[in-house]
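Pasting entry.cif here (mmCIF, C-alpha atoms):
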data_run
loop_
_atom_site.group_PDB
_atom_site.id
_atom_site.type_symbol
_atom_site.label_atom_id
_atom_site.label_comp_id
_atom_site.auth_asym_id
_atom_site.auth_seq_id
_atom_site.Cartn_x
_atom_site.Cartn_y
_atom_site.Cartn_z
ATOM 1 C CA ASP A 181 -49.640 -5.583 -24.088
ATOM 2 C CA ALA A 182 -47.773 -6.567 -27.223
ATOM 3 C CA GLY A 183 -44.033 -6.141 -27.500
ATOM 4 C CA ILE A 184 -41.000 -6.987 -25.437
ATOM 5 C CA THR A 185 -40.933 -6.342 -21.717
ATOM 6 C CA GLN A 186 -38.326 -6.690 -19.005
ATOM 7 C CA SER A 187 -38.672 -7.001 -15.264
ATOM 8 C CA PRO A 188 -37.682 -5.677 -12.904
ATOM 9 C CA ARG A 189 -36.776 -2.310 -14.397
ATOM 10 C CA TYR A 190 -34.509 -1.514 -11.444
ATOM 11 C CA LYS A 191 -32.785 -3.861 -9.042
ATOM 12 C CA ILE A 192 -30.359 -3.407 -6.167
ATOM 13 C CA THR A 193 -28.693 -6.500 -4.804
ATOM 14 C CA GLU A 194 -25.665 -7.529 -2.817
ATOM 15 C CA THR A 195 -22.518 -9.327 -3.846
ATOM 16 C CA GLY A 196 -22.988 -13.094 -3.828
ATOM 17 C CA ARG A 197 -26.762 -13.106 -4.237
ATOM 18 C CA GLN A 198 -28.532 -14.785 -7.101
ATOM 19 C CA VAL A 199 -30.535 -12.459 -9.336
ATOM 20 C CA THR A 200 -32.846 -13.294 -12.229
ATOM 21 C CA LEU A 201 -33.811 -10.771 -14.861
ATOM 22 C CA MET A 202 -36.917 -11.573 -16.862
ATOM 23 C CA CYS A 203 -37.612 -10.966 -20.534
ATOM 24 C CA HIS A 204 -40.927 -11.628 -22.260
ATOM 25 C CA GLN A 205 -41.934 -11.066 -25.897
ATOM 26 C CA THR A 206 -45.328 -11.460 -27.521
ATOM 27 C CA TRP A 207 -44.276 -11.646 -31.190
ATOM 28 C CA SER A 208 -43.282 -15.348 -31.178
ATOM 29 C CA HIS A 209 -39.844 -14.324 -32.412
ATOM 30 C CA SER A 210 -37.431 -17.222 -32.660
ATOM 31 C CA TYR A 211 -34.332 -15.342 -31.586
ATOM 32 C CA MET A 212 -33.777 -13.674 -28.248
ATOM 33 C CA PHE A 213 -30.688 -11.901 -26.936
ATOM 34 C CA TRP A 214 -29.271 -10.490 -23.726
ATOM 35 C CA TYR A 215 -26.903 -7.513 -23.844
ATOM 36 C CA ARG A 216 -25.219 -5.444 -21.214
ATOM 37 C CA GLN A 217 -24.440 -1.790 -21.688
ATOM 38 C CA ASP A 218 -21.468 -0.251 -19.904
ATOM 39 C CA LEU A 219 -19.790 3.102 -20.303
ATOM 40 C CA GLY A 220 -17.030 2.850 -22.860
ATOM 41 C CA HIS A 221 -18.117 -0.524 -24.151
ATOM 42 C CA GLY A 222 -21.403 -0.052 -25.915
ATOM 43 C CA LEU A 223 -23.726 -3.048 -26.154
ATOM 44 C CA ARG A 224 -22.096 -6.428 -25.570
ATOM 45 C CA LEU A 225 -23.842 -9.727 -26.147
ATOM 46 C CA ILE A 226 -24.069 -12.028 -23.130
ATOM 47 C CA TYR A 227 -26.144 -14.928 -24.457
ATOM 48 C CA TYR A 228 -28.571 -15.561 -27.255
ATOM 49 C CA SER A 229 -31.150 -18.181 -28.120
ATOM 50 C CA ALA A 230 -32.227 -19.374 -31.556
ATOM 51 C CA ALA A 231 -35.347 -21.169 -30.307
ATOM 52 C CA ALA A 232 -36.773 -22.812 -27.218
ATOM 53 C CA ASP A 233 -34.170 -25.030 -25.552
ATOM 54 C CA ILE A 234 -31.370 -23.683 -27.801
ATOM 55 C CA THR A 235 -28.967 -21.176 -26.262
ATOM 56 C CA ASP A 236 -25.427 -20.067 -27.008
ATOM 57 C CA LYS A 237 -22.759 -17.850 -25.506
ATOM 58 C CA GLY A 238 -22.043 -14.371 -26.693
ATOM 59 C CA GLU A 239 -19.070 -12.136 -26.070
ATOM 60 C CA VAL A 240 -19.300 -11.890 -22.248
ATOM 61 C CA PRO A 241 -21.100 -14.964 -20.827
ATOM 62 C CA ASP A 242 -19.074 -15.592 -17.661
ATOM 63 C CA GLY A 243 -21.130 -15.380 -14.472
ATOM 64 C CA TYR A 244 -24.469 -15.637 -16.279
ATOM 65 C CA VAL A 245 -26.888 -18.468 -16.955
ATOM 66 C CA VAL A 246 -29.845 -18.470 -19.342
ATOM 67 C CA SER A 247 -32.700 -20.796 -20.123
ATOM 68 C CA ARG A 248 -35.470 -20.837 -22.691
ATOM 69 C CA SER A 249 -38.150 -23.356 -21.933
ATOM 70 C CA LYS A 250 -40.797 -21.302 -23.749
ATOM 71 C CA THR A 251 -40.399 -19.249 -26.918
ATOM 72 C CA GLU A 252 -41.698 -16.081 -25.293
ATOM 73 C CA ASN A 253 -39.468 -16.042 -22.202
ATOM 74 C CA PHE A 254 -35.715 -15.714 -21.876
ATOM 75 C CA PRO A 255 -34.596 -15.209 -18.259
ATOM 76 C CA LEU A 256 -31.037 -14.224 -17.392
ATOM 77 C CA THR A 257 -29.634 -15.352 -14.042
ATOM 78 C CA LEU A 258 -26.612 -14.010 -12.254
ATOM 79 C CA GLU A 259 -25.687 -16.985 -10.141
ATOM 80 C CA SER A 260 -23.545 -15.072 -7.643
ATOM 81 C CA ALA A 261 -23.655 -11.369 -8.382
ATOM 82 C CA THR A 262 -20.435 -9.364 -8.430
ATOM 83 C CA ARG A 263 -19.894 -5.601 -8.507
ATOM 84 C CA SER A 264 -18.553 -5.868 -12.040
ATOM 85 C CA GLN A 265 -22.021 -7.009 -13.095
ATOM 86 C CA THR A 266 -23.482 -3.629 -12.227
ATOM 87 C CA SER A 267 -24.823 -2.560 -15.585
ATOM 88 C CA VAL A 268 -27.885 -1.895 -17.703
ATOM 89 C CA TYR A 269 -29.208 -5.100 -19.233
ATOM 90 C CA PHE A 270 -31.195 -5.136 -22.474
ATOM 91 C CA CYS A 271 -33.161 -8.008 -23.863
ATOM 92 C CA ALA A 272 -33.912 -8.133 -27.587
ATOM 93 C CA SER A 273 -35.723 -10.403 -30.001
ATOM 94 C CA SER A 274 -35.809 -10.953 -33.746
ATOM 95 C CA GLU A 275 -37.476 -13.195 -36.273
ATOM 96 C CA SER A 276 -35.732 -16.274 -37.554
ATOM 97 C CA THR A 277 -32.796 -15.666 -39.854
ATOM 98 C CA ARG A 278 -34.003 -16.401 -43.347
ATOM 99 C CA GLY A 279 -31.861 -13.976 -45.282
ATOM 100 C CA GLY A 280 -28.711 -13.897 -43.204
ATOM 101 C CA GLY A 281 -28.455 -10.909 -40.908
ATOM 102 C CA LEU A 282 -31.395 -8.950 -42.234
ATOM 103 C CA GLU A 283 -33.549 -9.316 -39.193
ATOM 104 C CA THR A 284 -34.033 -6.242 -37.060
ATOM 105 C CA GLN A 285 -33.632 -6.725 -33.339
ATOM 106 C CA TYR A 286 -36.319 -5.203 -31.126
ATOM 107 C CA PHE A 287 -35.141 -4.129 -27.716
ATOM 108 C CA GLY A 288 -36.845 -4.134 -24.356
ATOM 109 C CA PRO A 289 -36.761 -1.100 -22.036
ATOM 110 C CA GLY A 290 -33.762 -2.348 -20.053
ATOM 111 C CA THR A 291 -33.074 -3.328 -16.446
ATOM 112 C CA ARG A 292 -30.728 -1.222 -14.328
ATOM 113 C CA LEU A 293 -28.872 -3.491 -11.931
ATOM 114 C CA LEU A 294 -26.730 -2.265 -9.056
ATOM 115 C CA VAL A 295 -24.627 -4.791 -7.168
ATOM 116 C CA LEU A 296 -23.386 -3.506 -3.814
ATOM 117 C CA ILE B 179 -15.450 -10.804 -32.280
ATOM 118 C CA LEU B 180 -15.608 -8.122 -34.949
ATOM 119 C CA ASN B 181 -14.172 -4.661 -34.514
ATOM 120 C CA VAL B 182 -16.843 -2.082 -35.314
ATOM 121 C CA GLU B 183 -15.686 1.511 -35.019
ATOM 122 C CA GLN B 184 -17.858 4.615 -35.042
ATOM 123 C CA SER B 185 -16.718 8.184 -35.408
ATOM 124 C CA PRO B 186 -16.943 10.734 -34.086
ATOM 125 C CA GLN B 187 -17.719 9.608 -30.554
ATOM 126 C CA SER B 188 -19.904 12.668 -30.071
ATOM 127 C CA LEU B 189 -20.806 15.868 -31.850
ATOM 128 C CA HIS B 190 -22.835 18.995 -31.317
ATOM 129 C CA VAL B 191 -24.596 20.698 -34.194
ATOM 130 C CA GLN B 192 -26.901 23.668 -34.512
ATOM 131 C CA GLU B 193 -30.544 23.152 -35.390
ATOM 132 C CA GLY B 194 -30.884 23.163 -39.169
ATOM 133 C CA ASP B 195 -27.345 21.945 -39.854
ATOM 134 C CA SER B 196 -26.794 18.742 -41.762
ATOM 135 C CA THR B 197 -24.413 16.197 -40.347
ATOM 136 C CA ASN B 198 -22.974 12.780 -40.980
ATOM 137 C CA PHE B 199 -21.021 10.124 -39.143
ATOM 138 C CA THR B 200 -19.184 6.947 -39.953
ATOM 139 C CA CYS B 201 -19.290 3.275 -39.099
ATOM 140 C CA SER B 202 -16.264 1.138 -40.043
ATOM 141 C CA PHE B 203 -16.271 -2.637 -39.990
ATOM 142 C CA PRO B 204 -14.279 -5.580 -41.355
ATOM 143 C CA SER B 205 -15.199 -6.104 -44.994
ATOM 144 C CA SER B 206 -14.496 -9.835 -45.004
ATOM 145 C CA ASN B 207 -17.385 -12.278 -44.551
ATOM 146 C CA PHE B 208 -19.895 -9.428 -44.412
ATOM 147 C CA TYR B 209 -23.616 -10.198 -44.079
ATOM 148 C CA ALA B 210 -25.444 -7.047 -43.025
ATOM 149 C CA LEU B 211 -25.097 -3.625 -41.458
ATOM 150 C CA HIS B 212 -27.688 -2.289 -39.037
ATOM 151 C CA TRP B 213 -28.252 1.269 -37.827
ATOM 152 C CA TYR B 214 -30.109 1.969 -34.592
ATOM 153 C CA ARG B 215 -31.222 5.186 -32.914
ATOM 154 C CA TRP B 216 -30.992 5.263 -29.126
ATOM 155 C CA GLU B 217 -32.572 8.083 -27.186
ATOM 156 C CA THR B 218 -31.574 8.671 -23.589
ATOM 157 C CA ALA B 219 -33.581 6.564 -21.103
ATOM 158 C CA LYS B 220 -35.145 4.557 -23.927
ATOM 159 C CA SER B 221 -34.164 1.417 -25.795
ATOM 160 C CA PRO B 222 -32.486 1.253 -29.211
ATOM 161 C CA GLU B 223 -34.821 1.457 -32.205
ATOM 162 C CA ALA B 224 -33.984 0.146 -35.651
ATOM 163 C CA LEU B 225 -33.401 2.626 -38.465
ATOM 164 C CA PHE B 226 -31.978 0.618 -41.360
ATOM 165 C CA VAL B 227 -30.658 -2.760 -42.368
ATOM 166 C CA MET B 228 -28.401 -2.862 -45.417
ATOM 167 C CA THR B 229 -26.723 -5.749 -47.141
ATOM 168 C CA LEU B 230 -25.617 -4.808 -50.659
ATOM 169 C CA ASN B 231 -22.588 -2.774 -51.651
ATOM 170 C CA GLY B 232 -23.787 0.640 -52.774
ATOM 171 C CA ASP B 233 -27.072 0.264 -50.889
ATOM 172 C CA GLU B 234 -28.736 3.487 -49.819
ATOM 173 C CA LYS B 235 -31.661 3.752 -47.423
ATOM 174 C CA LYS B 236 -33.719 6.781 -46.501
ATOM 175 C CA LYS B 237 -36.222 7.537 -43.749
ATOM 176 C CA GLY B 238 -37.411 11.109 -43.722
ATOM 177 C CA ARG B 239 -34.385 13.344 -43.171
ATOM 178 C CA ILE B 240 -32.107 10.432 -42.290
ATOM 179 C CA SER B 241 -30.277 8.379 -44.892
ATOM 180 C CA ALA B 242 -27.481 5.836 -44.927
ATOM 181 C CA THR B 243 -25.054 4.423 -47.452
ATOM 182 C CA LEU B 244 -23.033 1.243 -47.470
ATOM 183 C CA ASN B 245 -19.645 0.313 -48.928
ATOM 184 C CA THR B 246 -18.970 -3.350 -48.201
ATOM 185 C CA LYS B 247 -15.753 -3.512 -50.214
ATOM 186 C CA GLU B 248 -13.972 -0.936 -48.091
ATOM 187 C CA GLY B 249 -15.974 -1.652 -44.934
ATOM 188 C CA TYR B 250 -17.813 1.529 -44.043
ATOM 189 C CA SER B 251 -21.264 3.048 -43.806
ATOM 190 C CA TYR B 252 -22.292 6.685 -43.506
ATOM 191 C CA LEU B 253 -25.372 7.994 -41.736
ATOM 192 C CA TYR B 254 -26.591 11.417 -42.849
ATOM 193 C CA ILE B 255 -29.078 13.702 -41.136
ATOM 194 C CA LYS B 256 -30.355 16.613 -43.181
ATOM 195 C CA GLY B 257 -31.521 19.738 -41.369
ATOM 196 C CA SER B 258 -30.971 18.426 -37.844
ATOM 197 C CA GLN B 259 -33.733 19.015 -35.302
ATOM 198 C CA PRO B 260 -33.540 18.845 -31.494
ATOM 199 C CA GLU B 261 -35.556 15.609 -31.577
ATOM 200 C CA ASP B 262 -32.710 14.019 -33.562
ATOM 201 C CA SER B 263 -30.554 14.193 -30.439
ATOM 202 C CA ALA B 264 -29.680 10.591 -29.627
ATOM 203 C CA THR B 265 -26.908 8.047 -29.826
ATOM 204 C CA TYR B 266 -26.686 6.373 -33.222
ATOM 205 C CA LEU B 267 -25.425 2.804 -33.162
ATOM 206 C CA CYS B 268 -24.252 0.674 -36.003
ATOM 207 C CA ALA B 269 -23.913 -3.097 -35.821
ATOM 208 C CA THR B 270 -22.679 -5.713 -38.202
ATOM 209 C CA ARG B 271 -23.113 -9.421 -38.581
ATOM 210 C CA ALA B 272 -20.517 -11.669 -40.179
ATOM 211 C CA GLY B 273 -21.260 -15.360 -40.292
ATOM 212 C CA SER B 274 -22.768 -16.019 -36.896
ATOM 213 C CA TYR B 275 -26.115 -14.973 -35.496
ATOM 214 C CA GLN B 276 -24.504 -12.321 -33.387
ATOM 215 C CA LEU B 277 -24.624 -8.613 -34.032
ATOM 216 C CA THR B 278 -21.505 -6.729 -32.984
ATOM 217 C CA PHE B 279 -22.268 -3.143 -32.042
ATOM 218 C CA GLY B 280 -20.075 -0.092 -32.245
ATOM 219 C CA LYS B 281 -19.908 2.262 -29.272
ATOM 220 C CA GLY B 282 -22.127 4.787 -30.971
ATOM 221 C CA THR B 283 -22.038 8.425 -31.988
ATOM 222 C CA LYS B 284 -23.811 10.735 -29.570
ATOM 223 C CA LEU B 285 -25.501 13.595 -31.420
ATOM 224 C CA SER B 286 -26.672 16.719 -29.642
ATOM 225 C CA VAL B 287 -28.695 19.235 -31.664
ATOM 226 C CA ILE B 288 -28.654 22.699 -30.155
ATOM 227 C CA PRO B 289 -31.867 24.736 -30.675
#
Entire entry expressed as structure tokens:
Amino acid sequence: DAGITQSPRYKITETGRQVTLMCHQTWSHSYMFWYRQDLGHGLRLIYYSAAADITDKGEVPDGYVVSRSKTENFPLTLESATRSQTSVYFCASSESTRGGGLETQYFGPGTRLLVL
Amino acid sequence: ILNVEQSPQSLHVQEGDSTNFTCSFPSSNFYALHWYRWETAKSPEALFVMTLNGDEKKKGRISATLNTKEGYSYLYIKGSQPEDSATYLCATRAGSYQLTFGKGTKLSVIP
């Protein structure tokens, strides 16, 4: 199916475990983003990627690792999960920035992560 | 990190009422202002992207205006319907590739 998908949609894990959240898009968009959504904070950017093999930190990168070996995939790994990483995680993608900020971001359905 | 403020945080309106809410952002180094609509249990969907001072966009009963000199944007909904109930997010970009989102305005339309 075309679009942007995330897996798993729901995940329960324990403190200290490694968790990887997957994001896949079929539009060949250059840019991909990971956000977390927490009550009282809105959407906060964790990491983003401008193209394959190019990634950069966002507002709240600590405790997360990303990679982008293929344009269509942008996995997010929590190396050692903590309770403070309990959140809803959204992946998004957009076309390359030609006009400076004009590009709409398209969001995936989200992954609800609970760290016990 | 930019400071994007939205007000009010939430509001309840009767079906048929018109309503509006505000997004405030730093006016320096402005590139673009985005509005998104976010229904409960779904993902945010783009409404508008605006870049020019005085810009106005319209999509059905929803419209938005932009003032880049004073750093604000208004979103208007004419004749609110229950299906308009959602959280409306604004986001701005200034210089980097990152969008900074406000916390949103949660709209509830009462039938």
### Query
Residues of chain A within 10 Å of chain B, using all atoms listed in the file, as an NGL selection string?
:A and (211 or 213 or 217-225 or 227-230 or 236-239 or 270-272 or 276-277 or 279-290)
Residue selection dump (C-alpha atoms) as a PDB file, keeping the file's coordinate frame:
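Below is the file that was written, again_21.pdb:
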ATOM      1  CA  TYR A 211     -34.332 -15.342 -31.586  1.00  0.00           C
ATOM      2  CA  PHE A 213     -30.688 -11.901 -26.936  1.00  0.00           C
ATOM      3  CA  GLN A 217     -24.440  -1.790 -21.688  1.00  0.00           C
ATOM      4  CA  ASP A 218     -21.468  -0.251 -19.904  1.00  0.00           C
ATOM      5  CA  LEU A 219     -19.790   3.102 -20.303  1.00  0.00           C
ATOM      6  CA  GLY A 220     -17.030   2.850 -22.860  1.00  0.00           C
ATOM      7  CA  HIS A 221     -18.117  -0.524 -24.151  1.00  0.00           C
ATOM      8  CA  GLY A 222     -21.403  -0.052 -25.915  1.00  0.00           C
ATOM      9  CA  LEU A 223     -23.726  -3.048 -26.154  1.00  0.00           C
ATOM     10  CA  ARG A 224     -22.096  -6.428 -25.570  1.00  0.00           C
ATOM     11  CA  LEU A 225     -23.842  -9.727 -26.147  1.00  0.00           C
ATOM     12  CA  TYR A 227     -26.144 -14.928 -24.457  1.00  0.00           C
ATOM     13  CA  TYR A 228     -28.571 -15.561 -27.255  1.00  0.00           C
ATOM     14  CA  SER A 229     -31.150 -18.181 -28.120  1.00  0.00           C
ATOM     15  CA  ALA A 230     -32.227 -19.374 -31.556  1.00  0.00           C
ATOM     16  CA  ASP A 236     -25.427 -20.067 -27.008  1.00  0.00           C
ATOM     17  CA  LYS A 237     -22.759 -17.850 -25.506  1.00  0.00           C
ATOM     18  CA  GLY A 238     -22.043 -14.371 -26.693  1.00  0.00           C
ATOM     19  CA  GLU A 239     -19.070 -12.136 -26.070  1.00  0.00           C
ATOM     20  CA  PHE A 270     -31.195  -5.136 -22.474  1.00  0.00           C
ATOM     21  CA  CYS A 271     -33.161  -8.008 -23.863  1.00  0.00           C
ATOM     22  CA  ALA A 272     -33.912  -8.133 -27.587  1.00  0.00           C
ATOM     23  CA  SER A 276     -35.732 -16.274 -37.554  1.00  0.00           C
ATOM     24  CA  THR A 277     -32.796 -15.666 -39.854  1.00  0.00           C
ATOM     25  CA  GLY A 279     -31.861 -13.976 -45.282  1.00  0.00           C
ATOM     26  CA  GLY A 280     -28.711 -13.897 -43.204  1.00  0.00           C
ATOM     27  CA  GLY A 281     -28.455 -10.909 -40.908  1.00  0.00           C
ATOM     28  CA  LEU A 282     -31.395  -8.950 -42.234  1.00  0.00           C
ATOM     29  CA  GLU A 283     -33.549  -9.316 -39.193  1.00  0.00           C
ATOM     30  CA  THR A 284     -34.033  -6.242 -37.060  1.00  0.00           C
ATOM     31  CA  GLN A 285     -33.632  -6.725 -33.339  1.00  0.00           C
ATOM     32  CA  TYR A 286     -36.319  -5.203 -31.126  1.00  0.00           C
ATOM     33  CA  PHE A 287     -35.141  -4.129 -27.716  1.00  0.00           C
ATOM     34  CA  GLY A 288     -36.845  -4.134 -24.356  1.00  0.00           C
ATOM     35  CA  PRO A 289     -36.761  -1.100 -22.036  1.00  0.00           C
ATOM     36  CA  GLY A 290     -33.762  -2.348 -20.053  1.00  0.00           C
TER      37      GLY A 290
END
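Excluding segment 241-253 of chain A itself and any same-chain residue fewer than 5 positions from it, the protein and nucleic acid residues within 7 Å of it, counting all atoms listed in the file, are Cys203, His204, Gln205, Thr206, Ser208, Ser210, Ile226, Tyr227, Ala231, Ala232, Asp233, Leu258 and Glu259 of chain A.
Using the PyMOL selection byres ((chain B and resi 250) around 9) on this structure selects Thr200, Cys201, Ser202, Phe203, Pro204, Ser205, Thr243, Leu244, Asn245, Thr246, Lys247, Glu248, Gly249, Ser251 and Tyr252 of chain B.
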Written file, previous selection with C-alpha atoms, as a PDB file, in the frame of the given file:
ATOM      1  CA  THR B 200     -19.184   6.947 -39.953  1.00  0.00           C
ATOM      2  CA  CYS B 201     -19.290   3.275 -39.099  1.00  0.00           C
ATOM      3  CA  SER B 202     -16.264   1.138 -40.043  1.00  0.00           C
ATOM      4  CA  PHE B 203     -16.271  -2.637 -39.990  1.00  0.00           C
ATOM      5  CA  PRO B 204     -14.279  -5.580 -41.355  1.00  0.00           C
ATOM      6  CA  SER B 205     -15.199  -6.104 -44.994  1.00  0.00           C
ATOM      7  CA  THR B 243     -25.054   4.423 -47.452  1.00  0.00           C
ATOM      8  CA  LEU B 244     -23.033   1.243 -47.470  1.00  0.00           C
ATOM      9  CA  ASN B 245     -19.645   0.313 -48.928  1.00  0.00           C
ATOM     10  CA  THR B 246     -18.970  -3.350 -48.201  1.00  0.00           C
ATOM     11  CA  LYS B 247     -15.753  -3.512 -50.214  1.00  0.00           C
ATOM     12  CA  GLU B 248     -13.972  -0.936 -48.091  1.00  0.00           C
ATOM     13  CA  GLY B 249     -15.974  -1.652 -44.934  1.00  0.00           C
ATOM     14  CA  SER B 251     -21.264   3.048 -43.806  1.00  0.00           C
ATOM     15  CA  TYR B 252     -22.292   6.685 -43.506  1.00  0.00           C
TER      16      TYR B 252
END
### Task
Quick one: pull the distance between atom CA of Thr266 of chain A and atom CA of Ile234 of chain A, Å, one decimal.
26.6 Å
### Query
What lies within 12 Å of Ile240 of chain B using only C-alpha atoms, ignoring chain neighbours under 4 positions off, as an MDAnalysis selection string?
chainID B and resid 196:199 213:215 225:226 234:236 252:259 262 266
